[in-house]
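Right, one structure below, let's go through it.
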Amino acid sequence: MTETAAAVMRSQIVVEAPIERAFSVFTERFGDFKPPEHNLLGAAIAETVFEPRVGGHIYDRAVDGSECRWARVLVFEPPHRVVFSWDITPQWQIETEPDNTSEVEVRFVAETPGRTRLELEHRNIDRHGPGWQALADGVAGEGGWPLYLTRFAALFNEVS
Amino acid sequence: MVTYPRADALGAVGDPTRRAILACLAERPRAVGELANELPISRPAVSQHLKVLKAADLVSDRAAGTRRIYRLNPIGVSALRDQLEMFWSRALAGYKDVVEQPTKERS
């Protein structure tokens with residue numbers, strides 16, 4: 001297991017839809033399929049907005065009007081490709097330092113006129129690594145274990 | 001999907017000395033001798049603790065000449081990767097449902 005392998009996550013799915021629809025649903029209705037418990041806002045999410053342009057953001061808007069911008073759109077090439085940054089820390093907070101963010105590339109490939117394969121690559125995950133620095137602070141401080149390890153522990157608490 | 005070694009992780013970090021070792025390695029990778037110099041324990045004791053941490057997948061080591069350099073394992077990265085994998089697999093399953101809906105009707 002190399003670091004590089006650990007720092008990339010790939011997934012894909014085939015959907016029965018033309019490529020144009022596959023692309024537009026992904027970018028326009030992201031909020032409809034995003035797992036709801038992954039919410040960085042204090043309040044319930046009213047909608048997730050995917051600004052369809054390079055330099056735009058993906059953000060959640062809460063019912064109370066507050067917003068949370070958690071991604072920057074880096075590439076927007078309908079209907080084939082979109083790349084955005086992942087400005088979310090391992091503690092599921094907004095990461096403000098771009099060097100510590102990872103990147104998501106989504107490619108759409110037409111298998112037939114009515115069938116599209118979506119290939120997703122979430123890469124540079126190790127750039128979030130400085131979260132480990134919190135370990136040093138957490139050990140020194142009285143606050144107990146840093147969130148990183150709490151989150152880490154939660155991963156296997158479910159099964160043990 | 002969850003592997004056994006990680007289940008040892010909490011036990012491994014339950015020990016104050018091992019936490020001190022992890023804290024040292026969080027600053028930068030170090031050889032056993034360096035760790036022994038910085039901590040109030042003997043070199044064999046450091047090695048023993050490193051063995052536990054390594055078994056729990058919390059540190060990894062590599063040879064550098066005659067020394068072994070220890071560092072925090074990218075398991076932290078792996079844990080995050082697992083989280084993201086869960087996020088995306090659920091998101092893509094939801095995406096498939098939405099994209100394959102014949103009309104705009106939503107439940």
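Identifiers for the structure tokens are assigned positionally: chains receive A, B, ... in sequence, residues are indexed from 1 per chain, and ligands are indexed from 1 in the order shown.
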* Can you list, as a PyMOL selection string, all residues belonging to range 8-98 of chain B that DSSP tags as helix (DSSP H, G or I)? => chain B and resi 9-13+16-27+32-38+43-55+75-98
* Structure fact -> Taken to one decimal, the CA of Ile45 in chain A-CA of Ile19 in chain A distance is 28.2 Å
Would you kindly return, as a PDB file with C-alpha atoms, in the first residue's frame, each protein, DNA or RNA residue with an atom no farther than 6 Å from any atom of Asp87 in chain A, considering only C-alpha atoms and excluding same-chain residues fewer than 2 positions away?
```pdb
ATOM      1  CA  TRP A  70     -17.255  23.808   0.429  1.00  0.00           C
ATOM      2  CA  ALA A  71     -15.887  23.478  -3.103  1.00  0.00           C
ATOM      3  CA  SER A  85     -11.790  21.247  -4.965  1.00  0.00           C
ATOM      4  CA  ILE A  94     -14.383  24.108   5.976  1.00  0.00           C
ATOM      5  CA  GLU A  95     -10.700  24.092   4.987  1.00  0.00           C
ATOM      6  CA  THR A 101      -7.550  20.602   0.051  1.00  0.00           C
TER       7      THR A 101
END
```
* Asked: CA of Arg127 in chain A and CA of Ala7 in chain A are how many Å apart?
  ->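 Here the two named atoms are 8.4 Å from each other.
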* Asked: Could you state the separation of CA of Asn124 in chain A and CA of Arg61 in chain A in Å, given to one decimal place?
  ->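 Distance reported for this atom pair: 26.8 Å.
The shortest atom-to-atom distance to Ile125 in chain A, with only C-alpha atoms taken into account, belongs to B:Leu80 out of B:Leu80, B:Val99, B:Leu92, B:Ala55.
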* Structure fact -> Judged by only C-alpha atoms, the minimum distance to chain B among A:Thr27, A:Thr48, A:Thr96, A:Ser11 is found for A:Ser11
* Nearby residues (only C-alpha atoms) at most 6 Å from range 61-72 of chain B, same-chain spacing under 3 positions excluded, as a list of chain:residue names ->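 Neighbouring residues, sequence-local ones excluded: B:Leu25, B:Pro29, B:Arg30, B:Ala31.
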* Asked: So which residues touch Pro52 in chain A within 9 Å, counting only C-alpha atoms, skipping near sequence neighbours fewer than 6 positions away, as a ChimeraX atom specification?
  -> /A:27-28,58,73,76
Hey, can you spit out that residue selection with C-alpha atoms as a PDB file, in the first residue's frame?
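Final file, part08.pdb:
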```
ATOM      1  CA  THR A  27     -24.271  19.458 -11.468  1.00  0.00           C
ATOM      2  CA  GLU A  28     -27.767  20.874 -11.074  1.00  0.00           C
ATOM      3  CA  ILE A  58     -20.507  24.547  -4.679  1.00  0.00           C
ATOM      4  CA  VAL A  73     -15.159  24.703  -9.429  1.00  0.00           C
ATOM      5  CA  PHE A  76     -16.362  22.889 -16.091  1.00  0.00           C
TER       6      PHE A  76
END
```
As a PDB file with N, CA and C atoms, in the first residue's frame, please: the residues near Glu16 in chain A (cut-off 10 Å, only C-alpha atoms, same-chain neighbours under 6 positions excluded).
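result09.pdb, freshly written:
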```pdb
ATOM      1  N   ALA A  22     -27.003  13.105 -17.840  1.00  0.00           N
ATOM      2  CA  ALA A  22     -26.159  12.629 -16.742  1.00  0.00           C
ATOM      3  C   ALA A  22     -25.350  13.786 -16.165  1.00  0.00           C
ATOM      4  N   GLU A 111     -21.596   5.516 -23.094  1.00  0.00           N
ATOM      5  CA  GLU A 111     -21.407   4.123 -23.505  1.00  0.00           C
ATOM      6  C   GLU A 111     -22.300   3.813 -24.697  1.00  0.00           C
ATOM      7  N   THR A 112     -23.499   4.353 -24.663  1.00  0.00           N
ATOM      8  CA  THR A 112     -24.426   4.292 -25.784  1.00  0.00           C
ATOM      9  C   THR A 112     -25.154   5.638 -25.760  1.00  0.00           C
ATOM     10  N   PRO A 113     -25.985   5.919 -26.754  1.00  0.00           N
ATOM     11  CA  PRO A 113     -26.709   7.199 -26.715  1.00  0.00           C
ATOM     12  C   PRO A 113     -27.581   7.352 -25.457  1.00  0.00           C
ATOM     13  N   GLY A 114     -27.973   6.228 -24.867  1.00  0.00           N
ATOM     14  CA  GLY A 114     -28.859   6.320 -23.708  1.00  0.00           C
ATOM     15  C   GLY A 114     -28.226   5.866 -22.400  1.00  0.00           C
ATOM     16  N   ARG A 115     -26.946   5.603 -22.450  1.00  0.00           N
ATOM     17  CA  ARG A 115     -26.279   5.086 -21.250  1.00  0.00           C
ATOM     18  C   ARG A 115     -24.956   5.811 -21.043  1.00  0.00           C
ATOM     19  N   THR A 116     -24.723   6.236 -19.803  1.00  0.00           N
ATOM     20  CA  THR A 116     -23.520   7.015 -19.506  1.00  0.00           C
ATOM     21  C   THR A 116     -22.788   6.421 -18.314  1.00  0.00           C
ATOM     22  N   ARG A 117     -21.486   6.369 -18.443  1.00  0.00           N
ATOM     23  CA  ARG A 117     -20.659   5.936 -17.314  1.00  0.00           C
ATOM     24  C   ARG A 117     -20.055   7.157 -16.649  1.00  0.00           C
TER      25      ARG A 117
ATOM     26  N   LYS B  96     -27.774   7.968  -9.189  1.00  0.00           N
ATOM     27  CA  LYS B  96     -28.368   7.036 -10.169  1.00  0.00           C
ATOM     28  C   LYS B  96     -29.893   7.064 -10.060  1.00  0.00           C
ATOM     29  N   ASP B  97     -30.388   7.072  -8.837  1.00  0.00           N
ATOM     30  CA  ASP B  97     -31.848   7.129  -8.642  1.00  0.00           C
ATOM     31  C   ASP B  97     -32.426   8.387  -9.277  1.00  0.00           C
ATOM     32  N   VAL B  99     -31.088  10.438 -11.576  1.00  0.00           N
ATOM     33  CA  VAL B  99     -30.877  10.592 -13.015  1.00  0.00           C
ATOM     34  C   VAL B  99     -31.780   9.651 -13.813  1.00  0.00           C
ATOM     35  N   GLU B 100     -32.153   8.535 -13.202  1.00  0.00           N
ATOM     36  CA  GLU B 100     -32.969   7.571 -13.937  1.00  0.00           C
ATOM     37  C   GLU B 100     -34.462   7.744 -13.701  1.00  0.00           C
ATOM     38  N   GLN B 101     -34.814   8.753 -12.921  1.00  0.00           N
ATOM     39  CA  GLN B 101     -36.243   9.046 -12.785  1.00  0.00           C
ATOM     40  C   GLN B 101     -36.768   9.494 -14.137  1.00  0.00           C
TER      41      GLN B 101
END
```
